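> First the structure, then my questions, so here it is.
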Amino acid sequence: MEKETAVNQSHQPELKNPNAALKNKVKFFLFSAIGLFMFFVPVTVNEKSSIMLDHIVTAIQTSIPAAVPYYALLVILLGAIYPFYTKSWNKNKVNIVFSIFKVSGLFVAIMIVSGYGPDWLYDPSMGPFLFDKLVVPVGLLVPIGSVFLALLVGYGLLEFFGVIMQPIMKPIWKTPGKSAIDAVASFVGSYSIGLLITNRVFKEGKYSIKEAAIIATGFSTVSATFMIVVAKTLGLMEIWNIYFWTTFAVTFIVTAITVRIWPLRSMSEEYYNGQLPPKETFSGSRLQAAWKEAMDTAAQSPGLWKNIRDNLKDGFVMTMSILPSIMSVGLLGLVLAEFTPVFDWLGYIFYPFTALVQLPEPLLAAKASAVGIAEMFLPALLAAEAALATKFVIGVVSVSAIIFFSALIPCILSTEIPITIPQLLVIWAERTILTILIAAPLAYILL
């Protein structure tokens, strides 16, 4: 009898070591709560309502404004050198091209910071726009966000929501329940943070290649903060709630469709480095299973400082990969839009659809939709003086199309997710067309 009791106790470590169980619960609730607060709870500071992460970045920018451009320049320098340091610059054709772009981005950044260069580069809608509105915020946001990301996803919250959300995410978007965290982090925080989560979870073997590609191209949209800039440019702030929630809904409806058509439908279901698929089956209560997954993760989690250090390293390396590409690829897109008819021609792809839904100024709407592949802010600039319905649809397209060269494509390519530029371009075209077809009727109903 004593032997049987001993055996039973050996299978119940949480009773044998109640301190460890309490420690796991504290880690789960405390660290996850801090992470949630930093990413998702709006706080008003100096009459500005935003998440704490944004307030921290703003505080840094305003407290040391003279130093921030040189910090960004240093990160771009490191990013330009990094492919040659790791000897990955000639790994394939894409790496060669983007390594050249990163070096070009360094020279552009040096000209912007130093003030020496051609006059057209200093037009407010060219170099200064890219550097001040994209490079600097991303350069601060991703590394700082990665610190709090360690708290958000490292102590069981991801796994808890993964089990809870599984019945919803799998049938509709064909991704695990834990991908709900990626989606919310992108909308509330940043696409770069969302991709940071996606890449980390993918490398841990919790997403397949197909799932990671769906999440990267379907959920990693720009944040609400970026959407406010779009809404202001288009004069939509008076209907901000209608615009935000329509964009939110349309984005995820479009994703539910694109996962069922090529190329996402045909992507590999293998896991990173041949890892085995994670088990998501359970018996009994879903809530109990979610809690068990969370506690198991908390028990196996690394120490706080190691977790923060690892996430900070990943975040900084990603920042180094993104910033030089934003300066070069983004500038190229702006130059093509400003000085060539390339996007006028590209707009004819979407003209049949803008005409079909009877948007006012359908050709302008088509061209504005096309220019979004270069930079997600550009469609709003082109449609700023258009009719309300056109502005509304273009505002939704800017966000729902998701994929653009100035930041997101380099960001995706800097991850371990094996997806090609041609595949990304096809997905962008699909998302743009579907968004136009879905958002236009909603504009007529809601406005």
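Residue numbering restarts at 1 for every chain of the structure tokens, chains are lettered A, B, ... in their displayed order, and ligands are numbered from 1 as they appear.
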Sorted by chain and rising residue number, list the residues of segment 302-364 of chain A at most 12 Å from segment 14-34 of chain A (counting only C-alpha atoms), each with its closest atom pair and distance in Å to one decimal, as a Markdown table.


```
| residue | atom | partner | partner_atom | distance |
| --- | --- | --- | --- | --- |
| A:Pro302 | CA | A:Lys27 | CA | 11.0 |
| A:Gly303 | CA | A:Lys27 | CA | 10.3 |
| A:Leu304 | CA | A:Phe31 | CA | 9.1 |
| A:Asn307 | CA | A:Phe31 | CA | 11.5 |
| A:Ile308 | CA | A:Phe31 | CA | 11.5 |
```

> Fewer than 4 positions away in the same chain doesn't count, so skip those; otherwise give me all residues within 7 Å of segment 130-134 of chain A, counting only C-alpha atoms, as a PyMOL selection string.

chain A and resi 126+138+327

> Can you work out which one of A:Ile76, A:Ile409, A:Met237, A:Ile261 has the shortest atom-to-atom distance to Val108 of chain A, counting only C-alpha atoms?

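Using only C-alpha atoms, Val108 of chain A sits closest to A:Ile76.
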
> Using only C-alpha atoms, which of the listed residues (A:Val397, A:Leu151, A:Ile215, A:Ile110) sits closest to Ala298 of chain A?

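The shortest atom-to-atom distance to Ala298 of chain A comes from A:Leu151.
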
> How far is it from atom CA of Val335 of chain A to atom CA of Lys91 of chain A, in Å with one decimal?

28.9 Å

> Residues within 12 Å of Val317 of chain A, please, as a ChimeraX atom specification. Count only C-alpha atoms; anything in the same chain fewer than 6 positions from it doesn't count.

/A:75-76,78-83,86,139,142-143,146,196,310-311,323,411,414-415
